[in-house]
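J.: Sharing work-v1.cif (mmCIF, C-alpha atoms) below.
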data_upload
#
loop_
_atom_site.group_PDB
_atom_site.id
_atom_site.type_symbol
_atom_site.label_atom_id
_atom_site.label_comp_id
_atom_site.auth_asym_id
_atom_site.auth_seq_id
_atom_site.Cartn_x
_atom_site.Cartn_y
_atom_site.Cartn_z
ATOM 1 C CA MET U 1 0.000 0.000 0.000
ATOM 2 C CA SER U 2 1.018 3.607 -0.360
ATOM 3 C CA VAL U 3 2.542 4.961 2.834
ATOM 4 C CA ARG U 4 3.206 8.500 1.687
ATOM 5 C CA PRO U 5 1.467 11.181 3.768
ATOM 6 C CA GLU U 6 -1.484 13.087 2.384
ATOM 7 C CA PHE U 7 -0.794 16.410 0.710
ATOM 8 C CA VAL U 8 -1.455 19.259 3.093
ATOM 9 C CA ASN U 9 -2.040 22.749 1.711
ATOM 10 C CA HIS U 10 -0.191 24.970 4.150
ATOM 11 C CA VAL U 11 -1.157 28.108 2.212
ATOM 12 C CA ALA U 12 -4.892 27.756 2.740
ATOM 13 C CA GLN U 13 -6.103 28.919 6.136
ATOM 14 C CA ALA U 14 -7.021 25.980 8.368
ATOM 15 C CA PRO U 15 -10.617 26.019 9.646
ATOM 16 C CA LYS U 16 -11.163 26.864 13.279
ATOM 17 C CA LYS U 17 -11.664 24.095 15.790
ATOM 18 C CA MET U 18 -15.357 23.516 16.481
ATOM 19 C CA THR U 19 -16.402 24.071 20.101
ATOM 20 C CA ILE U 20 -19.621 24.051 22.112
ATOM 21 C CA GLN U 21 -19.537 27.857 22.104
ATOM 22 C CA ARG U 22 -19.320 27.941 18.307
ATOM 23 C CA LEU U 23 -22.143 25.409 18.029
ATOM 24 C CA ARG U 24 -24.341 27.586 20.214
ATOM 25 C CA ALA U 25 -23.452 30.589 18.061
ATOM 26 C CA MET U 26 -24.512 28.651 14.972
ATOM 27 C CA GLN U 27 -27.785 27.798 16.686
ATOM 28 C CA SER U 28 -28.471 31.418 17.580
ATOM 29 C CA LYS U 29 -27.784 32.471 13.965
ATOM 30 C CA ARG U 30 -29.948 29.615 12.669
ATOM 31 C CA SER U 31 -26.969 28.283 10.750
ATOM 32 C CA PRO U 32 -27.611 24.528 10.313
ATOM 33 C CA ILE U 33 -25.184 22.225 12.145
ATOM 34 C CA THR U 34 -23.839 19.255 10.187
ATOM 35 C CA VAL U 35 -23.198 15.961 11.959
ATOM 36 C CA LEU U 36 -21.942 12.687 10.480
ATOM 37 C CA THR U 37 -20.921 9.499 12.191
ATOM 38 C CA ALA U 38 -17.325 8.376 11.752
ATOM 39 C CA TYR U 39 -15.840 5.085 12.841
ATOM 40 C CA ASP U 40 -12.238 5.012 11.633
ATOM 41 C CA PHE U 41 -9.406 7.115 10.231
ATOM 42 C CA PRO U 42 -10.658 7.227 6.600
ATOM 43 C CA THR U 43 -14.194 8.359 7.484
ATOM 44 C CA ALA U 44 -12.781 10.857 9.975
ATOM 45 C CA ARG U 45 -10.487 12.300 7.298
ATOM 46 C CA GLN U 46 -13.474 12.870 5.013
ATOM 47 C CA CYS U 47 -15.279 14.711 7.821
ATOM 48 C CA GLU U 48 -12.156 16.788 8.435
ATOM 49 C CA LYS U 49 -11.559 17.649 4.774
ATOM 50 C CA ASN U 50 -15.158 18.683 4.205
ATOM 51 C CA THR U 51 -15.542 20.664 7.458
ATOM 52 C CA VAL U 52 -18.307 18.630 9.081
ATOM 53 C CA ASP U 53 -19.193 20.394 12.331
ATOM 54 C CA ILE U 54 -19.544 17.343 14.602
ATOM 55 C CA CYS U 55 -18.079 13.860 14.242
ATOM 56 C CA LEU U 56 -20.167 11.355 16.164
ATOM 57 C CA VAL U 57 -18.550 8.021 16.925
ATOM 58 C CA GLY U 58 -21.910 6.312 17.046
ATOM 59 C CA ASP U 59 -22.658 2.955 18.596
ATOM 60 C CA SER U 60 -24.091 2.086 15.176
ATOM 61 C CA LEU U 61 -20.516 0.943 14.519
ATOM 62 C CA ALA U 62 -21.656 -2.271 16.222
ATOM 63 C CA GLN U 63 -23.634 -3.138 13.096
ATOM 64 C CA VAL U 64 -21.918 -1.330 10.235
ATOM 65 C CA CYS U 65 -18.310 -2.036 11.296
ATOM 66 C CA LEU U 66 -18.329 -5.039 13.612
ATOM 67 C CA GLY U 67 -21.212 -7.068 12.231
ATOM 68 C CA TYR U 68 -23.221 -7.288 15.446
ATOM 69 C CA ASP U 69 -26.998 -7.565 15.222
ATOM 70 C CA SER U 70 -27.591 -4.749 17.724
ATOM 71 C CA THR U 71 -25.901 -1.720 19.249
ATOM 72 C CA THR U 72 -26.312 -3.377 22.658
ATOM 73 C CA ARG U 73 -23.487 -5.830 21.813
ATOM 74 C CA LEU U 74 -20.872 -3.074 21.648
ATOM 75 C CA THR U 75 -18.365 -2.899 24.521
ATOM 76 C CA LEU U 76 -16.664 0.128 25.973
ATOM 77 C CA ASP U 77 -13.227 -1.130 24.919
ATOM 78 C CA GLU U 78 -14.418 -1.498 21.328
ATOM 79 C CA MET U 79 -15.836 2.020 21.363
ATOM 80 C CA ILE U 80 -12.600 3.466 22.727
ATOM 81 C CA HIS U 81 -10.615 1.691 19.997
ATOM 82 C CA HIS U 82 -12.701 3.374 17.292
ATOM 83 C CA CYS U 83 -12.675 6.756 19.044
ATOM 84 C CA LYS U 84 -8.881 6.750 18.956
ATOM 85 C CA ALA U 85 -8.872 6.157 15.206
ATOM 86 C CA VAL U 86 -11.431 8.899 14.552
ATOM 87 C CA GLY U 87 -9.532 11.316 16.762
ATOM 88 C CA ARG U 88 -6.397 10.799 14.693
ATOM 89 C CA GLY U 89 -8.250 11.770 11.536
ATOM 90 C CA ALA U 90 -10.671 14.494 12.650
ATOM 91 C CA LYS U 91 -8.957 17.445 14.310
ATOM 92 C CA THR U 92 -11.384 20.273 13.513
ATOM 93 C CA PRO U 93 -14.869 18.801 14.104
ATOM 94 C CA PHE U 94 -16.255 18.560 17.622
ATOM 95 C CA LEU U 95 -15.815 14.927 18.627
ATOM 96 C CA VAL U 96 -18.692 13.129 20.379
ATOM 97 C CA ALA U 97 -18.980 9.450 21.319
ATOM 98 C CA ASP U 98 -22.000 7.367 22.224
ATOM 99 C CA MET U 99 -21.737 5.748 25.615
ATOM 100 C CA PRO U 100 -22.357 2.043 24.918
ATOM 101 C CA PHE U 101 -25.328 0.252 26.392
ATOM 102 C CA GLY U 102 -24.829 -0.550 30.080
ATOM 103 C CA THR U 103 -21.986 1.907 30.679
ATOM 104 C CA TYR U 104 -24.112 4.630 32.280
ATOM 105 C CA LEU U 105 -27.248 2.924 33.581
ATOM 106 C CA SER U 106 -26.220 1.280 36.846
ATOM 107 C CA SER U 107 -25.174 4.456 38.668
ATOM 108 C CA PRO U 108 -23.943 8.007 38.028
ATOM 109 C CA ALA U 109 -20.579 6.986 39.473
ATOM 110 C CA ASP U 110 -20.194 4.264 36.848
ATOM 111 C CA ALA U 111 -21.210 6.751 34.168
ATOM 112 C CA VAL U 112 -18.482 9.166 35.274
ATOM 113 C CA ARG U 113 -15.880 6.405 35.376
ATOM 114 C CA ASN U 114 -16.722 5.215 31.875
ATOM 115 C CA ALA U 115 -17.087 8.699 30.423
ATOM 116 C CA VAL U 116 -13.640 9.597 31.744
ATOM 117 C CA ARG U 117 -12.224 6.586 29.889
ATOM 118 C CA LEU U 118 -13.832 7.763 26.649
ATOM 119 C CA ILE U 119 -12.303 11.206 27.108
ATOM 120 C CA GLN U 120 -8.875 10.191 28.415
ATOM 121 C CA GLU U 121 -8.284 7.064 26.338
ATOM 122 C CA GLY U 122 -10.588 7.678 23.386
ATOM 123 C CA GLY U 123 -9.795 11.367 23.012
ATOM 124 C CA VAL U 124 -13.407 12.506 22.584
ATOM 125 C CA GLU U 125 -14.709 15.861 23.761
ATOM 126 C CA SER U 126 -18.251 14.909 24.730
ATOM 127 C CA VAL U 127 -20.341 11.842 25.422
ATOM 128 C CA LYS U 128 -23.883 11.115 24.239
ATOM 129 C CA LEU U 129 -26.481 9.308 26.343
ATOM 130 C CA GLU U 130 -29.822 7.860 25.296
ATOM 131 C CA GLY U 131 -32.729 8.407 27.656
ATOM 132 C CA GLY U 132 -35.227 10.847 29.088
ATOM 133 C CA LEU U 133 -36.235 11.923 32.570
ATOM 134 C CA GLU U 134 -34.768 8.763 34.111
ATOM 135 C CA ILE U 135 -31.157 9.725 33.202
ATOM 136 C CA ILE U 136 -31.331 13.313 34.471
ATOM 137 C CA PRO U 137 -29.408 12.493 37.705
ATOM 138 C CA THR U 138 -26.657 10.909 35.612
ATOM 139 C CA VAL U 139 -26.470 13.910 33.279
ATOM 140 C CA GLN U 140 -26.331 16.246 36.278
ATOM 141 C CA THR U 141 -23.471 14.270 37.796
ATOM 142 C CA LEU U 142 -21.494 14.149 34.551
ATOM 143 C CA THR U 143 -21.853 17.840 33.790
ATOM 144 C CA SER U 144 -21.118 18.818 37.390
ATOM 145 C CA VAL U 145 -17.619 17.331 37.052
ATOM 146 C CA GLY U 146 -16.975 18.983 33.699
ATOM 147 C CA ILE U 147 -17.935 16.204 31.273
ATOM 148 C CA PRO U 148 -19.914 17.659 28.338
ATOM 149 C CA VAL U 149 -23.085 15.689 27.627
ATOM 150 C CA MET U 150 -25.181 15.436 24.492
ATOM 151 C CA ALA U 151 -28.619 13.989 25.192
ATOM 152 C CA HIS U 152 -30.707 11.744 22.904
ATOM 153 C CA ILE U 153 -34.479 11.321 23.076
ATOM 154 C CA GLY U 154 -37.226 9.918 20.851
ATOM 155 C CA LEU U 155 -36.344 6.605 19.289
ATOM 156 C CA LEU U 156 -33.650 5.032 21.455
ATOM 157 C CA PRO U 157 -31.839 2.282 19.481
ATOM 158 C CA GLN U 158 -30.275 0.845 22.632
ATOM 159 C CA ARG U 159 -33.807 0.086 23.869
ATOM 160 C CA HIS U 160 -35.242 -1.317 20.640
ATOM 161 C CA VAL U 161 -36.179 -4.585 22.368
ATOM 162 C CA SER U 162 -38.243 -2.921 25.103
ATOM 163 C CA LEU U 163 -39.747 -0.590 22.473
ATOM 164 C CA SER U 164 -40.677 -3.618 20.327
ATOM 165 C CA GLY U 165 -38.639 -2.358 17.408
ATOM 166 C CA TYR U 166 -37.482 0.860 15.820
ATOM 167 C CA LYS U 167 -40.689 2.891 15.961
ATOM 168 C CA ILE U 168 -41.588 6.545 15.651
ATOM 169 C CA GLN U 169 -42.000 8.243 19.032
ATOM 170 C CA GLY U 170 -44.238 11.089 20.186
ATOM 171 C CA ARG U 171 -47.119 10.616 17.743
ATOM 172 C CA ASP U 172 -49.842 11.164 20.340
ATOM 173 C CA ALA U 173 -50.311 14.198 22.566
ATOM 174 C CA LYS U 174 -49.292 12.567 25.850
ATOM 175 C CA SER U 175 -46.094 10.978 24.545
ATOM 176 C CA ALA U 176 -45.213 14.210 22.726
ATOM 177 C CA LEU U 177 -45.581 16.139 25.992
ATOM 178 C CA HIS U 178 -43.416 13.518 27.712
ATOM 179 C CA LEU U 179 -40.644 14.119 25.159
ATOM 180 C CA LEU U 180 -40.842 17.890 25.659
ATOM 181 C CA ARG U 181 -40.582 17.442 29.429
ATOM 182 C CA ALA U 182 -37.567 15.174 28.945
ATOM 183 C CA ALA U 183 -35.887 17.648 26.611
ATOM 184 C CA LYS U 184 -36.342 20.533 29.046
ATOM 185 C CA GLY U 185 -35.238 18.399 31.975
ATOM 186 C CA LEU U 186 -32.063 17.273 30.195
ATOM 187 C CA GLN U 187 -31.295 20.855 29.211
ATOM 188 C CA ASN U 188 -31.704 21.963 32.831
ATOM 189 C CA ALA U 189 -29.459 19.082 33.912
ATOM 190 C CA GLY U 190 -26.637 20.589 31.864
ATOM 191 C CA ALA U 191 -26.773 18.889 28.453
ATOM 192 C CA TRP U 192 -25.248 21.193 25.824
ATOM 193 C CA GLY U 193 -27.261 19.674 22.956
ATOM 194 C CA ILE U 194 -29.824 16.980 22.203
ATOM 195 C CA VAL U 195 -30.537 14.507 19.424
ATOM 196 C CA LEU U 196 -34.176 14.085 18.407
ATOM 197 C CA GLU U 197 -34.653 10.763 16.618
ATOM 198 C CA ALA U 198 -37.723 9.592 14.707
ATOM 199 C CA VAL U 199 -40.250 12.098 16.031
ATOM 200 C CA PRO U 200 -42.882 14.056 14.067
ATOM 201 C CA HIS U 201 -41.342 17.119 12.439
ATOM 202 C CA ALA U 202 -43.859 19.496 14.020
ATOM 203 C CA LEU U 203 -42.947 18.230 17.483
ATOM 204 C CA ALA U 204 -39.221 18.450 16.748
ATOM 205 C CA SER U 205 -39.623 22.042 15.559
ATOM 206 C CA HIS U 206 -41.604 22.946 18.691
ATOM 207 C CA ILE U 207 -39.001 21.375 20.980
ATOM 208 C CA THR U 208 -36.254 23.207 19.096
ATOM 209 C CA GLU U 209 -37.999 26.550 19.504
ATOM 210 C CA THR U 210 -38.638 25.852 23.188
ATOM 211 C CA LEU U 211 -35.071 24.901 24.121
ATOM 212 C CA GLN U 212 -32.023 27.116 24.454
ATOM 213 C CA ILE U 213 -29.594 24.380 23.373
ATOM 214 C CA PRO U 214 -29.030 23.012 19.848
ATOM 215 C CA THR U 215 -31.160 20.121 18.625
ATOM 216 C CA ILE U 216 -29.826 17.631 16.097
ATOM 217 C CA GLY U 217 -32.452 15.775 14.125
ATOM 218 C CA ILE U 218 -32.436 12.330 12.569
ATOM 219 C CA GLY U 219 -35.816 11.563 11.118
ATOM 220 C CA ALA U 220 -37.142 14.688 12.844
ATOM 221 C CA GLY U 221 -37.637 17.116 9.970
ATOM 222 C CA PRO U 222 -35.868 20.325 8.919
ATOM 223 C CA GLY U 223 -36.825 22.399 11.947
ATOM 224 C CA CYS U 224 -33.953 21.221 14.152
ATOM 225 C CA SER U 225 -30.730 23.155 14.701
ATOM 226 C CA GLY U 226 -28.862 20.556 12.652
ATOM 227 C CA GLN U 227 -28.999 17.106 11.125
ATOM 228 C CA VAL U 228 -27.154 13.817 11.627
ATOM 229 C CA LEU U 229 -26.945 10.688 9.499
ATOM 230 C CA VAL U 230 -25.032 7.458 9.823
ATOM 231 C CA TRP U 231 -22.073 7.513 7.424
ATOM 232 C CA ASP U 232 -22.931 4.172 5.815
ATOM 233 C CA ASP U 233 -26.529 5.264 5.220
ATOM 234 C CA ALA U 234 -25.646 8.652 3.760
ATOM 235 C CA MET U 235 -22.812 7.337 1.592
ATOM 236 C CA GLY U 236 -24.623 4.220 0.387
ATOM 237 C CA ALA U 237 -22.243 1.743 1.974
ATOM 238 C CA TRP U 238 -24.902 -0.059 4.063
ATOM 239 C CA THR U 239 -26.869 -2.827 2.370
ATOM 240 C CA GLY U 240 -29.261 -3.511 5.229
ATOM 241 C CA HIS U 241 -32.638 -1.928 5.997
ATOM 242 C CA GLN U 242 -32.894 1.714 4.967
ATOM 243 C CA ALA U 243 -35.001 3.922 7.228
ATOM 244 C CA LYS U 244 -37.513 6.331 5.687
ATOM 245 C CA PHE U 245 -35.521 9.366 6.815
ATOM 246 C CA VAL U 246 -32.301 8.259 5.082
ATOM 247 C CA ARG U 247 -31.177 10.014 1.934
ATOM 248 C CA ARG U 248 -28.200 8.569 0.068
ATOM 249 C CA PHE U 249 -25.748 11.196 -1.118
ATOM 250 C CA ALA U 250 -23.365 8.678 -2.710
ATOM 251 C CA GLU U 251 -23.356 5.009 -3.703
ATOM 252 C CA LEU U 252 -20.088 3.741 -2.269
ATOM 253 C CA GLY U 253 -21.436 0.229 -1.864
ATOM 254 C CA ILE U 254 -22.243 -0.092 -5.573
ATOM 255 C CA ALA U 255 -18.882 1.395 -6.559
ATOM 256 C CA ALA U 256 -17.023 -0.955 -4.205
ATOM 257 C CA ASN U 257 -18.916 -3.984 -5.502
ATOM 258 C CA GLU U 258 -18.056 -3.079 -9.081
ATOM 259 C CA GLY U 259 -14.441 -2.466 -8.097
ATOM 260 C CA VAL U 260 -14.060 -5.876 -6.442
ATOM 261 C CA LYS U 261 -15.527 -7.620 -9.489
ATOM 262 C CA ALA U 262 -13.216 -5.684 -11.821
ATOM 263 C CA TYR U 263 -10.186 -6.556 -9.674
ATOM 264 C CA ILE U 264 -11.012 -10.268 -9.673
ATOM 265 C CA GLU U 265 -11.492 -10.246 -13.453
ATOM 266 C CA ALA U 266 -8.197 -8.406 -14.021
ATOM 267 C CA VAL U 267 -6.260 -10.872 -11.869
ATOM 268 C CA GLN U 268 -7.896 -13.930 -13.390
ATOM 269 C CA THR U 269 -7.367 -12.730 -16.962
ATOM 270 C CA GLY U 270 -3.766 -11.725 -16.310
ATOM 271 C CA THR U 271 -4.287 -8.041 -17.126
ATOM 272 C CA PHE U 272 -3.257 -6.987 -13.642
ATOM 273 C CA PRO U 273 -0.572 -6.090 -12.856
ATOM 274 C CA ASN U 274 0.937 -4.521 -15.971
ATOM 275 C CA PRO U 275 4.706 -4.998 -15.594
ATOM 276 C CA LYS U 276 5.491 -1.740 -17.389
ATOM 277 C CA THR U 277 3.079 0.636 -15.625
ATOM 278 C CA GLU U 278 2.455 -1.185 -12.351
ATOM 279 C CA GLY U 279 5.823 -2.786 -11.650
ATOM 280 C CA TYR U 280 9.514 -2.035 -11.173
ATOM 281 C CA ASP U 281 12.391 -2.639 -13.557
ATOM 282 C CA MET U 282 15.850 -3.930 -12.741
ATOM 283 C CA PRO U 283 18.880 -2.671 -14.729
ATOM 284 C CA GLU U 284 19.808 -5.245 -17.360
ATOM 285 C CA ALA U 285 23.377 -5.457 -16.163
ATOM 286 C CA GLU U 286 22.250 -6.175 -12.609
ATOM 287 C CA TRP U 287 19.799 -8.818 -13.841
ATOM 288 C CA ASN U 288 22.544 -10.564 -15.805
ATOM 289 C CA GLU U 289 24.824 -10.415 -12.755
ATOM 290 C CA TYR U 290 22.016 -11.884 -10.627
ATOM 291 C CA LEU U 291 21.620 -14.790 -13.058
ATOM 292 C CA ARG U 292 25.383 -15.356 -13.008
ATOM 293 C CA LEU U 293 25.399 -15.400 -9.204
ATOM 294 C CA CYS U 294 22.470 -17.815 -9.116
ATOM 295 C CA GLU U 295 24.179 -20.126 -11.572
ATOM 296 C CA GLY U 296 27.339 -20.105 -9.501
ATOM 297 C CA GLU U 297 25.562 -20.753 -6.199
ATOM 298 C CA PHE U 298 22.843 -23.230 -7.116
ATOM 299 C CA ASN U 299 24.288 -25.182 -10.074
#
Could the structure of this file be written out as structure tokens, please?

T.:
Amino acid sequence: MSVRPEFVNHVAQAPKKMTIQRLRAMQSKRSPITVLTAYDFPTARQCEKNTVDICLVGDSLAQVCLGYDSTTRLTLDEMIHHCKAVGRGAKTPFLVADMPFGTYLSSPADAVRNAVRLIQEGGVESVKLEGGLEIIPTVQTLTSVGIPVMAHIGLLPQRHVSLSGYKIQGRDAKSALHLLRAAKGLQNAGAWGIVLEAVPHALASHITETLQIPTIGIGAGPGCSGQVLVWDDAMGAWTGHQAKFVRRFAELGIAANEGVKAYIEAVQTGTFPNPKTEGYDMPEAEWNEYLRLCEGEFN
């Protein structure tokens, strides 16, 4: 493989590092915040090059990277491993990591311990927690010791079993009011931002207008402060179920499939590699000397 470093344009002015303060400024100016998941160095580099505002190391890596059937299978050590890789590639975006299932539910003290590992070992700048009113004490504890928290309400993938699947949330008046109460409670507990997943767009817009912190929508309509998509969904690399709210902005999976087939055909037909354009020559005199040495040693 090529081991030469990427070209870096030192003349162009480097973008400023994204911070919570800058994200809040974007919210106040109604400048949409862009969020993409990243799981490794290559995806992080794309987020860096294209000035994505927030890189989310999502627990969706359990399925799209590790082949698990659920996000609940992901361990903290696995998450930290991927956070390190993303951190090496994304220097400008604000770096957020999902806290894996079970790492923040038993007690606030456990949540602090595990969040510190994500920050110290993984190199992230904020953690994201799924849950509503029931996790407010945990959010309060984390933020009180200086750990930035992004909240996540609506559809909670880590609880898909108890929710009987991946279903839209807040479609009736009472459950919508419950989500608003949760959003306000999490804001008051110190969360700097909140993800709204799979909720009616009118409700998401109302929550956004009610809160003082940025909202990031996924399947929540255009009224949020910003939007997030899973990398493999947005770039067409995922071949599994596609949610209604997903729009594909590229077809990397199709391109990769065609590339693999073309590679196999080229190898099998002998057209790859081309010795002239894809190989290295040896001076004729050295080749003749090599043959002479071989003859002397092995004959």

J.: Within 6 Å of Leu252 (chain U), counting all atoms listed in the file, which residues show up once you throw out same-chain ones fewer than 4 positions away? Write them as a list in words, please.

T.: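 In the requested form, the answer reads Met235, Gly236, Ala237 and Ala256 of chain U.
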
J.: Looking at only C-alpha atoms, which of U:Ile264, U:Ala234, U:Leu156, U:Ala204 is the one that sits closest to Ala250 (chain U)?

T.: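 Of all the options, U:Ala234 lies closest to Ala250 (chain U).
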
J.: Apply the PyMOL selection byres ((chain U and resi 187-194) around 9) to the file shown and report the selected residues as a PyMOL selection string.

T.: chain U and resi 20+24+128+136-144+148-153+182-186+195-196+211-217

J.: Please expand the PyMOL selection byres ((chain U and resi 75-77) around 12) into the concrete residues it hits in this file, giving the result as an NGL selection string.

T.: :U and (59 or 61-62 or 66 or 68 or 70-74 or 78-84 or 97-104 or 111 or 113-119 or 121-122)

J.: When you draw a straight line from CA of Val127 (chain U) to CA of Asp233 (chain U), how long is it in Å?

T.: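 That distance, rounded to one decimal, is 22.1 Å.
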